[in-house]
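Undergrad: Got a structure for you, entry.cif, holding mmCIF, C-alpha atoms and all ligand atoms.
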```cif
data_work
loop_
_atom_site.label_atom_id
_atom_site.label_comp_id
_atom_site.auth_asym_id
_atom_site.auth_seq_id
_atom_site.Cartn_x
_atom_site.Cartn_y
_atom_site.Cartn_z
CA MET A 1 125.56 -114.83 140.27
CA ARG A 2 122.10 -116.39 140.72
CA SER A 3 119.19 -113.95 140.82
CA TYR A 4 117.03 -114.26 143.89
CA ASP A 5 114.37 -111.83 142.67
CA LYS A 6 111.72 -114.53 142.28
CA PHE A 7 112.13 -115.42 145.95
CA LEU A 8 111.48 -111.89 147.16
CA SER A 9 108.18 -110.75 148.62
CA ARG A 10 106.68 -107.61 147.15
CA ALA A 11 107.91 -105.79 150.26
CA GLY A 12 111.40 -107.29 149.93
CA ASP A 13 111.52 -106.29 146.30
CA VAL A 14 110.97 -102.59 146.96
CA MET A 15 113.38 -102.33 149.91
CA ARG A 16 116.30 -99.98 149.25
CA GLU A 17 119.38 -99.08 151.27
CA SER A 18 118.86 -95.79 153.13
CA ALA A 19 120.82 -92.81 151.82
CA ILE A 20 122.30 -92.29 155.28
CA ARG A 21 123.45 -95.89 155.69
CA ARG A 22 124.97 -95.66 152.19
CA MET A 23 127.03 -92.68 153.37
CA GLY A 24 128.17 -94.82 156.31
CA THR A 25 129.69 -97.24 153.80
CA VAL A 26 131.43 -94.38 151.98
CA LEU A 27 132.83 -93.18 155.29
CA ALA A 28 134.09 -96.59 156.30
CA GLY A 29 136.11 -96.79 153.06
CA ALA A 30 137.69 -93.32 153.28
CA ASP A 31 140.63 -92.10 155.31
CA ASP A 32 140.28 -88.37 155.74
CA MET A 33 136.59 -87.87 154.99
CA VAL A 34 134.76 -85.20 157.00
CA SER A 35 131.31 -86.61 157.62
CA PHE A 36 128.30 -84.37 157.99
CA ALA A 37 126.19 -87.37 156.94
CA PRO A 38 124.81 -89.57 159.73
CA GLY A 39 123.28 -87.92 162.79
CA TYR A 40 125.68 -89.57 165.19
CA PRO A 41 126.24 -88.18 168.68
CA ALA A 42 129.79 -87.11 169.59
CA GLU A 43 131.63 -90.10 171.06
CA ASP A 44 133.74 -87.93 173.35
CA THR A 45 130.55 -86.91 175.18
CA PHE A 46 129.64 -90.47 176.18
CA ALA A 47 129.85 -91.11 179.94
CA TRP A 48 132.53 -93.76 179.45
CA ALA A 49 133.73 -94.00 183.05
CA ALA A 50 130.23 -94.30 184.50
CA PHE A 51 129.24 -96.91 181.91
CA ALA A 52 132.41 -98.92 182.63
CA GLU A 53 131.71 -98.92 186.35
CA ILE A 54 128.06 -99.89 185.87
CA ALA A 55 128.92 -102.65 183.37
CA ARG A 56 131.65 -104.04 185.66
CA GLU A 57 129.16 -104.34 188.51
CA LEU A 58 126.43 -105.80 186.33
CA LEU A 59 128.79 -108.36 184.82
CA SER A 60 130.12 -109.60 188.16
CA GLY A 61 127.78 -112.60 187.85
CA ALA A 62 125.89 -111.76 191.05
CA ASP A 63 122.60 -111.48 189.14
CA GLY A 64 122.11 -114.03 186.36
CA LYS A 65 119.18 -112.09 184.89
CA VAL A 66 121.59 -109.46 183.59
CA LEU A 67 122.36 -111.79 180.69
CA GLN A 68 119.01 -113.56 180.53
CA TYR A 69 115.96 -113.11 178.31
CA GLY A 70 113.63 -110.57 179.86
CA PRO A 71 110.02 -109.43 179.50
CA THR A 72 109.08 -108.17 176.03
CA ARG A 73 107.75 -104.92 177.51
CA GLY A 74 111.12 -104.22 179.07
CA HIS A 75 112.97 -104.38 182.40
CA ARG A 76 110.38 -103.18 184.92
CA PRO A 77 112.66 -100.74 186.81
CA LEU A 78 113.59 -99.17 183.46
CA LEU A 79 109.90 -98.83 182.53
CA ASP A 80 109.36 -97.02 185.84
CA ALA A 81 112.36 -94.77 185.18
CA ILE A 82 110.96 -93.98 181.71
CA ALA A 83 107.58 -93.15 183.29
CA GLY A 84 109.51 -90.65 185.45
CA LEU A 85 111.20 -89.10 182.40
CA MET A 86 107.84 -88.85 180.70
CA ALA A 87 106.38 -87.09 183.74
CA ASP A 88 109.24 -84.54 183.49
CA ARG A 89 108.07 -83.92 179.92
CA GLY A 90 104.49 -83.37 181.09
CA ILE A 91 103.21 -86.78 179.93
CA HIS A 92 101.44 -89.17 182.26
CA ALA A 93 102.31 -92.73 181.19
CA THR A 94 101.58 -95.91 183.15
CA PRO A 95 103.66 -99.07 182.65
CA GLU A 96 100.70 -100.53 180.67
CA GLN A 97 101.24 -97.75 178.14
CA LEU A 98 104.99 -98.23 177.73
CA VAL A 99 107.11 -100.62 175.66
CA VAL A 100 110.91 -100.54 175.68
CA THR A 101 112.15 -100.84 172.10
CA THR A 102 115.44 -101.66 170.43
CA GLY A 103 116.04 -98.03 169.54
CA SER A 104 113.06 -95.87 168.66
CA GLN A 105 113.63 -97.10 165.11
CA GLN A 106 112.14 -100.42 166.19
CA GLY A 107 109.22 -98.49 167.63
CA LEU A 108 108.55 -97.01 164.20
CA ASP A 109 108.67 -100.46 162.63
CA LEU A 110 106.25 -101.85 165.26
CA LEU A 111 103.85 -98.96 164.67
CA ALA A 112 103.95 -99.47 160.92
CA ARG A 113 103.20 -103.19 161.25
CA VAL A 114 100.47 -102.83 163.84
CA LEU A 115 98.69 -99.81 162.39
CA CYS A 116 98.95 -99.99 158.63
CA ASP A 117 97.79 -102.22 155.82
CA PRO A 118 99.28 -101.74 152.36
CA GLY A 119 97.64 -98.67 150.82
CA ASP A 120 96.70 -97.02 154.12
CA VAL A 121 97.84 -93.40 154.24
CA VAL A 122 100.35 -91.90 156.66
CA LEU A 123 100.88 -88.16 156.34
CA MET A 124 104.45 -86.92 156.55
CA GLU A 125 105.97 -83.47 156.52
CA LEU A 126 108.00 -82.46 153.47
CA PRO A 127 110.71 -83.24 154.54
CA SER A 128 110.59 -86.02 157.17
CA TYR A 129 112.92 -88.42 158.99
CA VAL A 130 114.14 -90.99 156.48
CA GLY A 131 113.97 -93.91 158.97
CA ALA A 132 110.25 -93.34 159.47
CA ILE A 133 109.74 -93.12 155.72
CA THR A 134 111.52 -96.45 155.32
CA ALA A 135 109.63 -98.21 158.12
CA PHE A 136 106.24 -97.26 156.68
CA ARG A 137 107.24 -97.70 153.05
CA ASN A 138 108.56 -101.22 153.71
CA ILE A 139 105.09 -102.46 154.56
CA GLY A 140 103.42 -100.75 151.60
CA THR A 141 101.96 -97.71 153.35
CA SER A 142 101.06 -94.86 151.06
CA LEU A 143 103.05 -91.84 152.26
CA VAL A 144 101.59 -88.45 151.44
CA GLY A 145 103.56 -85.27 151.96
CA VAL A 146 102.39 -82.07 153.65
CA ARG A 147 104.23 -78.76 153.28
CA GLN A 148 106.27 -77.36 156.14
CA ASP A 149 106.63 -73.79 157.43
CA PRO A 150 109.49 -72.48 159.59
CA ASP A 151 107.33 -73.13 162.69
CA GLY A 152 106.25 -76.61 161.67
CA ILE A 153 103.70 -78.31 159.45
CA ASN A 154 101.53 -76.09 157.22
CA LEU A 155 98.04 -76.47 158.65
CA ASP A 156 96.19 -75.31 155.53
CA ASP A 157 97.98 -77.91 153.45
CA LEU A 158 97.33 -80.52 156.14
CA MET A 159 93.60 -79.83 156.04
CA GLU A 160 93.37 -79.61 152.25
CA THR A 161 95.40 -82.79 151.77
CA THR A 162 93.27 -84.71 154.28
CA ALA A 163 90.04 -83.51 152.68
CA ARG A 164 91.29 -84.49 149.22
CA LEU A 165 92.41 -87.93 150.40
CA ARG A 166 89.06 -88.51 152.09
CA ARG A 167 87.22 -87.55 148.90
CA GLU A 168 89.36 -90.10 147.07
CA GLY A 169 88.35 -92.74 149.61
CA ALA A 170 91.77 -93.09 151.24
CA ASN A 171 92.13 -94.50 154.73
CA VAL A 172 94.17 -91.80 156.51
CA LYS A 173 95.57 -93.49 159.60
CA ALA A 174 98.18 -91.20 161.07
CA LEU A 175 100.29 -88.07 160.87
CA TYR A 176 104.00 -88.52 161.65
CA LEU A 177 105.78 -85.55 163.26
CA VAL A 178 109.13 -84.72 164.88
CA PRO A 179 108.14 -81.45 166.62
CA ASN A 180 111.45 -80.89 168.44
CA PHE A 181 114.50 -80.09 166.29
CA GLN A 182 113.27 -82.16 163.41
CA ASN A 183 115.47 -84.52 161.51
CA PRO A 184 116.41 -83.26 158.88
CA THR A 185 115.54 -79.55 159.22
CA GLY A 186 116.32 -78.88 162.89
CA LEU A 187 113.02 -76.97 163.09
CA LEU A 188 111.05 -76.49 166.29
CA MET A 189 107.28 -76.61 165.95
CA SER A 190 105.54 -73.73 167.72
CA LEU A 191 103.40 -74.49 170.76
CA GLU A 192 100.38 -72.95 169.05
CA LYS A 193 100.78 -75.27 166.08
CA ARG A 194 101.10 -78.28 168.38
CA ARG A 195 97.77 -77.33 169.94
CA LEU A 196 96.12 -76.89 166.56
CA VAL A 197 97.49 -80.13 165.16
CA LEU A 198 96.14 -82.05 168.14
CA ALA A 199 92.71 -80.42 167.69
CA TRP A 200 92.86 -81.32 163.99
CA ALA A 201 93.69 -84.97 164.79
CA ASN A 202 90.80 -85.19 167.26
CA ARG A 203 88.42 -83.67 164.74
CA GLU A 204 89.57 -85.86 161.87
CA ASP A 205 89.98 -89.05 163.95
CA VAL A 206 93.60 -89.52 162.89
CA LEU A 207 96.45 -90.71 165.12
CA ILE A 208 99.51 -88.55 165.70
CA ILE A 209 102.87 -90.32 165.81
CA GLU A 210 105.15 -88.00 167.77
CA ASP A 211 108.82 -88.95 167.43
CA ASP A 212 110.90 -87.07 170.00
CA PRO A 213 114.55 -88.15 170.30
CA TYR A 214 116.06 -84.63 170.35
CA ARG A 215 113.81 -83.00 172.94
CA ASP A 216 116.48 -82.82 175.66
CA LEU A 217 119.00 -81.21 173.32
CA PHE A 218 117.56 -77.69 173.13
CA PHE A 219 120.09 -74.86 172.93
CA PRO A 220 119.66 -72.72 176.07
CA ASP A 221 120.88 -69.53 174.35
CA CYS A 222 117.73 -69.40 172.22
CA THR A 223 115.25 -72.02 173.38
CA SER A 224 113.53 -72.77 176.67
CA GLU A 225 112.51 -76.22 177.84
CA ALA A 226 108.87 -75.05 177.89
CA GLU A 227 109.02 -74.63 174.10
CA THR A 228 109.69 -78.35 173.70
CA ARG A 229 106.49 -79.48 175.42
CA PRO A 230 105.36 -82.62 173.57
CA ILE A 231 101.99 -82.73 171.82
CA SER A 232 101.35 -85.87 173.85
CA ALA A 233 101.42 -83.83 177.07
CA ASP A 234 98.11 -82.20 176.10
CA ASP A 235 96.49 -85.30 174.66
CA THR A 236 93.33 -86.08 176.63
CA GLU A 237 91.78 -88.44 174.07
CA GLY A 238 94.45 -91.08 173.53
CA ARG A 239 95.29 -89.60 170.15
CA VAL A 240 99.10 -89.49 170.30
CA ILE A 241 101.62 -92.31 170.11
CA TYR A 242 104.89 -90.98 171.51
CA LEU A 243 108.38 -92.34 170.81
CA SER A 244 111.68 -91.39 172.32
CA SER A 245 115.15 -92.77 172.85
CA PHE A 246 118.34 -92.77 174.90
CA SER A 247 120.40 -92.80 171.69
CA LYS A 248 121.11 -89.07 171.56
CA THR A 249 121.54 -88.55 175.29
CA LEU A 250 123.32 -91.68 176.61
CA ALA A 251 124.56 -93.60 173.55
CA PRO A 252 123.00 -95.19 170.46
CA GLY A 253 125.05 -98.36 170.94
CA PHE A 254 122.73 -99.42 173.76
CA ARG A 255 119.85 -99.41 171.26
CA ILE A 256 117.28 -98.48 173.89
CA GLY A 257 114.20 -96.41 173.07
CA TRP A 258 110.56 -96.53 174.03
CA VAL A 259 107.00 -96.14 172.82
CA SER A 260 104.18 -94.70 174.89
CA ALA A 261 100.68 -95.36 173.58
CA PRO A 262 97.14 -95.98 174.77
CA ALA A 263 97.21 -99.34 176.60
CA PRO A 264 95.38 -101.40 173.91
CA LEU A 265 97.86 -100.25 171.26
CA ALA A 266 100.86 -100.75 173.55
CA ALA A 267 99.69 -104.35 174.05
CA LYS A 268 99.69 -104.83 170.26
CA PHE A 269 103.17 -103.31 169.94
CA GLU A 270 104.34 -105.78 172.58
CA MET A 271 102.90 -108.68 170.54
CA ALA A 272 104.57 -107.42 167.36
CA LYS A 273 107.86 -107.06 169.22
CA GLN A 274 107.68 -110.68 170.36
CA ALA A 275 108.14 -111.69 166.73
CA GLU A 276 110.93 -109.17 166.10
CA ASP A 277 113.36 -109.75 168.96
CA LEU A 278 111.53 -111.26 171.99
CA CYS A 279 113.01 -108.48 174.11
CA SER A 280 115.56 -105.67 173.89
CA GLY A 281 119.04 -106.50 175.23
CA ALA A 282 118.90 -107.15 178.97
CA LEU A 283 122.39 -105.79 179.65
CA ASP A 284 121.70 -102.64 177.63
CA GLN A 285 118.46 -102.00 179.49
CA ARG A 286 120.13 -102.41 182.84
CA VAL A 287 123.04 -100.13 182.01
CA VAL A 288 120.57 -97.50 180.84
CA TYR A 289 118.44 -97.99 183.96
CA GLU A 290 121.48 -97.63 186.25
CA ALA A 291 122.55 -94.53 184.32
CA CYS A 292 119.13 -93.02 185.02
CA LYS A 293 119.08 -94.12 188.66
CA ARG A 294 122.61 -92.91 189.46
CA GLY A 295 122.02 -89.50 187.90
CA VAL A 296 124.37 -90.04 184.94
CA LEU A 297 121.66 -89.00 182.46
CA ALA A 298 120.66 -85.93 184.46
CA ARG A 299 124.32 -84.82 184.68
CA GLN A 300 124.85 -85.42 180.96
CA LEU A 301 122.03 -83.24 179.69
CA PRO A 302 123.42 -79.75 180.47
CA LEU A 303 126.83 -80.86 179.16
CA LEU A 304 125.30 -82.12 175.93
CA ARG A 305 123.29 -78.94 175.42
CA ALA A 306 126.44 -76.85 175.81
CA HIS A 307 128.45 -79.21 173.58
CA TYR A 308 126.02 -79.20 170.66
CA GLN A 309 125.20 -75.52 171.05
CA HIS A 310 128.90 -74.77 170.67
CA LYS A 311 129.12 -76.98 167.58
CA ARG A 312 126.07 -75.22 166.16
CA ASP A 313 127.94 -71.92 166.61
CA VAL A 314 131.06 -73.29 164.92
CA MET A 315 128.95 -74.62 162.06
CA ILE A 316 127.02 -71.40 161.57
CA GLN A 317 130.20 -69.29 161.64
CA ALA A 318 131.83 -71.62 159.12
CA VAL A 319 128.92 -71.65 156.67
CA GLU A 320 128.48 -67.89 156.95
CA ARG A 321 132.18 -67.45 156.19
CA GLU A 322 132.51 -70.05 153.40
CA LEU A 323 129.07 -70.54 151.86
CA HIS A 324 127.52 -67.10 152.01
CA GLY A 325 125.46 -66.51 148.86
CA MET A 326 125.68 -70.19 147.88
CA MET A 327 123.21 -71.56 150.41
CA ARG A 328 120.61 -70.50 152.99
CA TRP A 329 119.76 -72.22 156.25
CA PRO A 330 117.59 -71.71 159.34
CA ALA A 331 119.75 -71.55 162.50
CA PRO A 332 118.99 -74.68 164.54
CA ARG A 333 117.65 -74.11 168.07
CA GLY A 334 118.53 -77.63 169.21
CA GLY A 335 119.46 -81.07 167.93
CA PHE A 336 122.05 -82.17 165.40
CA PHE A 337 121.19 -80.73 161.99
CA LEU A 338 121.70 -77.80 159.68
CA TRP A 339 119.33 -77.94 156.72
CA ALA A 340 120.67 -75.93 153.82
CA HIS A 341 118.94 -74.77 150.66
CA LEU A 342 121.20 -74.52 147.60
CA ASP A 343 121.00 -71.07 146.06
CA VAL A 344 123.27 -72.07 143.18
CA PRO A 345 122.16 -73.98 140.06
CA VAL A 346 123.58 -77.31 141.25
CA ASP A 347 121.52 -80.24 142.48
CA SER A 348 122.49 -81.95 145.70
CA GLU A 349 123.45 -85.30 144.07
CA THR A 350 125.92 -83.55 141.75
CA LEU A 351 127.26 -81.57 144.68
CA LEU A 352 127.72 -84.77 146.67
CA THR A 353 129.80 -86.32 143.89
CA HIS A 354 132.17 -83.32 143.95
CA ALA A 355 132.12 -83.14 147.74
CA GLN A 356 133.02 -86.79 148.15
CA ALA A 357 135.98 -86.32 145.80
CA LEU A 358 137.12 -83.38 147.96
CA GLY A 359 136.72 -85.23 151.26
CA VAL A 360 133.36 -84.24 152.74
CA ILE A 361 129.98 -85.96 152.74
CA PHE A 362 126.42 -85.04 153.70
CA VAL A 363 122.95 -86.41 152.99
CA THR A 364 121.12 -85.22 149.88
CA GLY A 365 117.71 -83.65 150.43
CA ALA A 366 115.65 -85.99 148.28
CA ALA A 367 116.12 -88.80 150.81
CA PHE A 368 113.75 -86.95 153.15
CA PHE A 369 110.95 -86.15 150.73
CA VAL A 370 108.16 -88.67 150.12
CA ASP A 371 107.22 -86.90 146.88
CA GLY A 372 110.62 -87.21 145.21
CA ARG A 373 111.49 -83.51 145.50
CA GLY A 374 114.15 -81.94 147.72
CA SER A 375 117.13 -82.06 145.37
CA GLU A 376 117.91 -78.41 146.19
CA HIS A 377 118.52 -79.25 149.86
CA ILE A 378 121.30 -80.90 151.83
CA ARG A 379 121.42 -82.03 155.46
CA LEU A 380 124.61 -81.25 157.34
CA SER A 381 124.93 -82.98 160.68
CA PHE A 382 127.27 -81.04 162.97
CA SER A 383 126.97 -83.33 166.01
CA ALA A 384 129.86 -85.75 165.59
CA PRO A 385 132.87 -83.93 164.06
CA PRO A 386 135.09 -81.88 166.38
CA PRO A 387 135.08 -78.10 165.74
CA GLU A 388 138.25 -78.05 163.62
CA ARG A 389 136.82 -80.81 161.40
CA ILE A 390 133.58 -78.83 161.02
CA ASP A 391 135.66 -75.90 159.75
CA LEU A 392 137.62 -78.12 157.39
CA GLY A 393 134.48 -79.87 156.12
CA VAL A 394 132.72 -76.58 155.36
CA LYS A 395 135.81 -75.30 153.50
CA ARG A 396 135.77 -78.48 151.40
CA LEU A 397 132.05 -78.07 150.83
CA ALA A 398 132.58 -74.55 149.49
CA ALA A 399 135.29 -75.91 147.18
CA ALA A 400 132.85 -78.61 146.05
CA VAL A 401 130.19 -76.01 145.21
CA ASN A 402 132.74 -74.14 143.11
CA ALA A 403 133.90 -77.34 141.42
CA ALA A 404 130.28 -78.29 140.62
CA LEU A 405 129.64 -74.81 139.16
CA ASP A 406 132.86 -74.95 137.14
CA SER A 407 132.00 -78.36 135.73
CA ARG A 408 128.69 -76.91 134.52
CA THR A 409 130.46 -74.17 132.58
CA THR A 410 133.04 -76.56 131.08
CA ALA A 411 130.93 -79.69 130.43
CA PRO A 412 129.41 -79.46 126.92
CA ALA A 413 126.27 -81.35 128.03
CA ALA A 414 125.58 -78.99 130.92
CA ALA A 415 122.46 -76.90 130.44
CA GLY A 416 121.13 -73.85 132.27
CA PRO A 417 122.68 -70.61 133.39
CA ALA A 418 126.41 -70.43 134.03
CA ARG A 419 127.80 -69.09 137.28
CA SER A 420 127.81 -65.33 137.36
C1 LIG B 1 113.69 -88.52 164.28
C2 LIG B 1 114.36 -89.81 164.61
N1 LIG B 1 113.63 -90.84 165.02
C3 LIG B 1 114.19 -92.02 165.34
C4 LIG B 1 115.56 -92.21 165.24
C5 LIG B 1 116.13 -93.56 165.60
O1 LIG B 1 116.85 -93.50 166.77
P1 LIG B 1 117.21 -94.77 167.63
O2 LIG B 1 116.68 -95.98 166.93
O3 LIG B 1 118.69 -94.80 167.72
O4 LIG B 1 116.54 -94.58 168.95
C6 LIG B 1 116.37 -91.16 164.81
C7 LIG B 1 117.82 -91.37 164.65
O5 LIG B 1 118.53 -90.60 164.06
C8 LIG B 1 115.76 -89.93 164.50
O6 LIG B 1 116.47 -88.87 164.08
#
```
Translate this file's structure into structure tokens.
TA:
Amino acid sequence: MRSYDKFLSRAGDVMRESAIRRMGTVLAGADDMVSFAPGYPAEDTFAWAAFAEIARELLSGADGKVLQYGPTRGHRPLLDAIAGLMADRGIHATPEQLVVTTGSQQGLDLLARVLCDPGDVVLMELPSYVGAITAFRNIGTSLVGVRQDPDGINLDDLMETTARLRREGANVKALYLVPNFQNPTGLLMSLEKRRLVLAWANREDVLIIEDDPYRDLFFPDCTSEAETRPISADDTEGRVIYLSSFSKTLAPGFRIGWVSAPAPLAAKFEMAKQAEDLCSGALDQRVVYEACKRGVLARQLPLLRAHYQHKRDVMIQAVERELHGMMRWPAPRGGFFLWAHLDVPVDSETLLTHAQALGVIFVTGAAFFVDGRGSEHIRLSFSAPPPERIDLGVKRLAAAVNAALDSRTTAPAAAGPARS
């Protein structure tokens, strides 16, 4: 086969398949695999009947624009509906500040292109969302990690890292954060930390990129809506670029998200988007708009919170039963993820090999760390599998841990302590 390496740009050359997408391929080729890998919403929660009715009406042919190109910024009624959702979150956003994106993933790509030159620094928590890492890495941004505490980013490390980078002459452009039920850890950043991070960004003249797709999915048994208040809600200096999405609340297949930014930046994101896709899908935008207007979204949210809270309970009970002493995890207060630390002398890649053979997959921790660490962590997404599959998957995972430990004691090349 001909090599095309010489045709690749430097950016093309360093592009790699994401660990999560790779798991998608594994899943597609396996019959009875339990997948804790991608953070997919549960398909049985989608508002199928409402979407079918809306789509039938939209596709009647009465309005030709439903299947036409539309404005790059987005369908105006949808922009207004998004402004309403933002107001519910405490954020004042005018249509000049908003851009509808093809999933918030496109928003991340637009931000990376518009804000960063190769070598510019974006600060990321250790760990961070892999899709953001990829978007910034693809254009040659230098990603620098900052430690994380159970209540969010470690402020001392943030300040020390920034000071060091400045001494080295680095151009620190932005800090990327997922304050609500972070992907991959599920952690909720405390309100106090949000306030301090915003003050830090104002002092240091750094932008905050606040990525907030899970905000609506707080678990009412332990978290109040007030605790999810976005950093952007208290931004008086145009410091925060805010992204969110309908992927986790309506359905990711629509591929509709949005960016809210100071108007001059939003105008640049619009220009960058013109080169990427001209506009997000007109039909998708209209279905999403109708779902907002007809109250489908508002009716979904309490159901989704109850659904994922229940799955969180099933997951926690299963790991406590099966994996006690093998792993530790913080109990998620919202969102889709359980982030587990391996307390056994097995790295997550080795565990994945055994797990896959036993019919369960997850994402290995290193995918989320910009500094190459994280091999003692795994991300288990409990959102998509039904409860009985969660139980089965965790049983298989426990068997995989034991198989990995056994292979260490039997393999002659294995080094380190044997299982006690
Ligand atoms: C933190 C975070 N940001 C962005 C995205 C992308 O979402 P979408 O492009 O479907 O809106 C995801 C998806 O998992 C995510 O977890």
Undergrad: Nearest to Val287 (chain A): which of A:Gly169, A:Gly131, A:Gly253, A:Pro264 is it, counting only C-alpha atoms?
TA: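 Of the candidates, the smallest distance to Val287 (chain A) is held by A:Gly253.
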Undergrad: As JSON, please report the centre and edge lengths, rounded to one decimal in Å, of the axis-aligned box that holds all listed atoms of region 115-133 of chain A with 6 Å of padding on each of the six sides.
TA:
```
{"center_x": 105.4, "center_y": -92.3, "center_z": 156.6, "size_x": 29.4, "size_y": 31.8, "size_z": 23.6}
```
Undergrad: Taking all atoms listed in the file into account, name the residue in A:Arg195, A:Arg286, A:His307, A:His341 that is nearest to Gln68 (chain A).
TA: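 Among the listed residues, the smallest separation from Gln68 (chain A) belongs to A:Arg286.
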Undergrad: Write as a list in words the residues around ligand LIG 1 (chain B), taking 6 Å as the cut-off and counting only C-alpha atoms and all ligand atoms.
TA: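 Selection of residues at most 6 Å from ligand LIG 1 (chain B): Gly39, Gly103, Ser104, Gln105, Tyr129, Val178, Asn183, Asp211, Pro213, Ser245, Ser247, Pro252, Arg255 and Gly257 of chain A.
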Undergrad: Determine the nearest neighbour of Ala11 (chain A) from the options A:Met124, A:Met33, A:Ile139, A:Ala267, counting all atoms listed in the file.
TA: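 Of the candidates, the smallest distance to Ala11 (chain A) is held by A:Ile139.
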Undergrad: Could you tell me which of A:Val197, A:Gly107, A:Ile133, A:Ser190 comes closest to Ala366 (chain A) if we count only C-alpha atoms?
TA: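 Closest to Ala366 (chain A) of all the choices is A:Ile133.
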Undergrad: Looking at A:Ala37, A:Leu177, A:Val344, A:Ala135, which one is nearest to Ile153 (chain A), with distances taken over all atoms listed in the file?
TA: A:Leu177
Undergrad: Which residue is closest to Gly281 (chain A)? Choose from A:Ser383, A:Thr364, A:Ser3, A:Thr102 and count all atoms listed in the file.
TA: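 Closest candidate: A:Thr102.
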Undergrad: Using all atoms listed in the file, which protein or nucleic acid residues come within 7 Å of Gly393 (chain A)? Drop anything in the same chain fewer than 4 positions from it, and give the result as a list in words.
TA: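 What passes the distance filter is Val34, Val360, Arg389 and Leu397 of chain A.
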Undergrad: May I have the selected residues written with C-alpha atoms, as an mmCIF file, keeping the file's coordinate frame?
TA:
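again-v3.cif written:
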```cif
data_model
loop_
_atom_site.group_PDB
_atom_site.id
_atom_site.type_symbol
_atom_site.label_atom_id
_atom_site.label_comp_id
_atom_site.auth_asym_id
_atom_site.auth_seq_id
_atom_site.Cartn_x
_atom_site.Cartn_y
_atom_site.Cartn_z
ATOM 1 C CA VAL A 34 134.760 -85.200 157.000
ATOM 2 C CA VAL A 360 133.360 -84.240 152.740
ATOM 3 C CA ARG A 389 136.820 -80.810 161.400
ATOM 4 C CA LEU A 397 132.050 -78.070 150.830
#
```
Undergrad: Tell me, as a list of chain:residue names, which residues lie within 12 Å of Leu58 (chain A), counting all atoms listed in the file; anything in the same chain fewer than 3 positions away does not count.
TA: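 So, after excluding close chain neighbours, the residues are A:Phe51, A:Ala52, A:Glu53, A:Ile54, A:Ala55, A:Gly61, A:Ala62, A:Asp63, A:Gly64, A:Lys65, A:Val66, A:Leu67, A:Ala282, A:Leu283, A:Asp284, A:Gln285, A:Arg286, A:Val287, A:Val288, A:Tyr289, A:Glu290.
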Undergrad: Write out as a list in words the residues lying within 12 Å of Lys273 (chain A), counting only C-alpha atoms and excluding same-chain residues fewer than 3 positions away.
TA: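 Near Lys273 (chain A), the qualifying residues are Pro71, Thr72, Arg73, Gly74, Val99, Val100, Thr101, Thr102, Gln106, Gly107, Leu108, Asp109, Leu110, Leu111, Ala112, Arg113, Val114, Trp258, Val259, Ala266, Ala267, Lys268, Phe269, Glu270, Glu276, Asp277, Leu278, Cys279 and Ser280 of chain A.
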Undergrad: List as a PDB file with C-alpha atoms, in the frame of the given file the protein and nucleic acid residues near Asp117 (chain A), meaning an atom at most 12 Å away when only C-alpha atoms are counted, but skip any in the same chain fewer than 6 places from it.
TA:
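Contents of around.pdb, freshly written:
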```pdb
ATOM      1  CA  LEU A 111     103.850 -98.960 164.670  1.00  0.00           C
ATOM      2  CA  PHE A 136     106.240 -97.260 156.680  1.00  0.00           C
ATOM      3  CA  ARG A 137     107.240 -97.700 153.050  1.00  0.00           C
ATOM      4  CA  ASN A 138     108.560-101.220 153.710  1.00  0.00           C
ATOM      5  CA  ILE A 139     105.090-102.460 154.560  1.00  0.00           C
ATOM      6  CA  GLY A 140     103.420-100.750 151.600  1.00  0.00           C
ATOM      7  CA  THR A 141     101.960 -97.710 153.350  1.00  0.00           C
ATOM      8  CA  SER A 142     101.060 -94.860 151.060  1.00  0.00           C
ATOM      9  CA  ALA A 170      91.770 -93.090 151.240  1.00  0.00           C
ATOM     10  CA  ASN A 171      92.130 -94.500 154.730  1.00  0.00           C
ATOM     11  CA  VAL A 172      94.170 -91.800 156.510  1.00  0.00           C
ATOM     12  CA  LYS A 173      95.570 -93.490 159.600  1.00  0.00           C
TER      13      LYS A 173
END
```
Undergrad: Excluding Glu43 (chain A) and any residue of its chain fewer than 6 positions from it, enumerate the residues within 10 Å of it, using only C-alpha atoms, and give them as a PDB file with C-alpha atoms, in the frame of the given file.
TA:
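So around-v3.pdb came out as:
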```pdb
ATOM      1  CA  ALA A 251     124.560 -93.600 173.550  1.00  0.00           C
ATOM      2  CA  SER A 383     126.970 -83.330 166.010  1.00  0.00           C
ATOM      3  CA  ALA A 384     129.860 -85.750 165.590  1.00  0.00           C
ATOM      4  CA  PRO A 385     132.870 -83.930 164.060  1.00  0.00           C
TER       5      PRO A 385
END
```
Undergrad: Please compute the CA of Val206 (chain A)-CA of Arg239 (chain A) distance, one decimal, in Å.
TA: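 Value for the CA of Val206 (chain A)-CA of Arg239 (chain A) distance: 7.5 Å.
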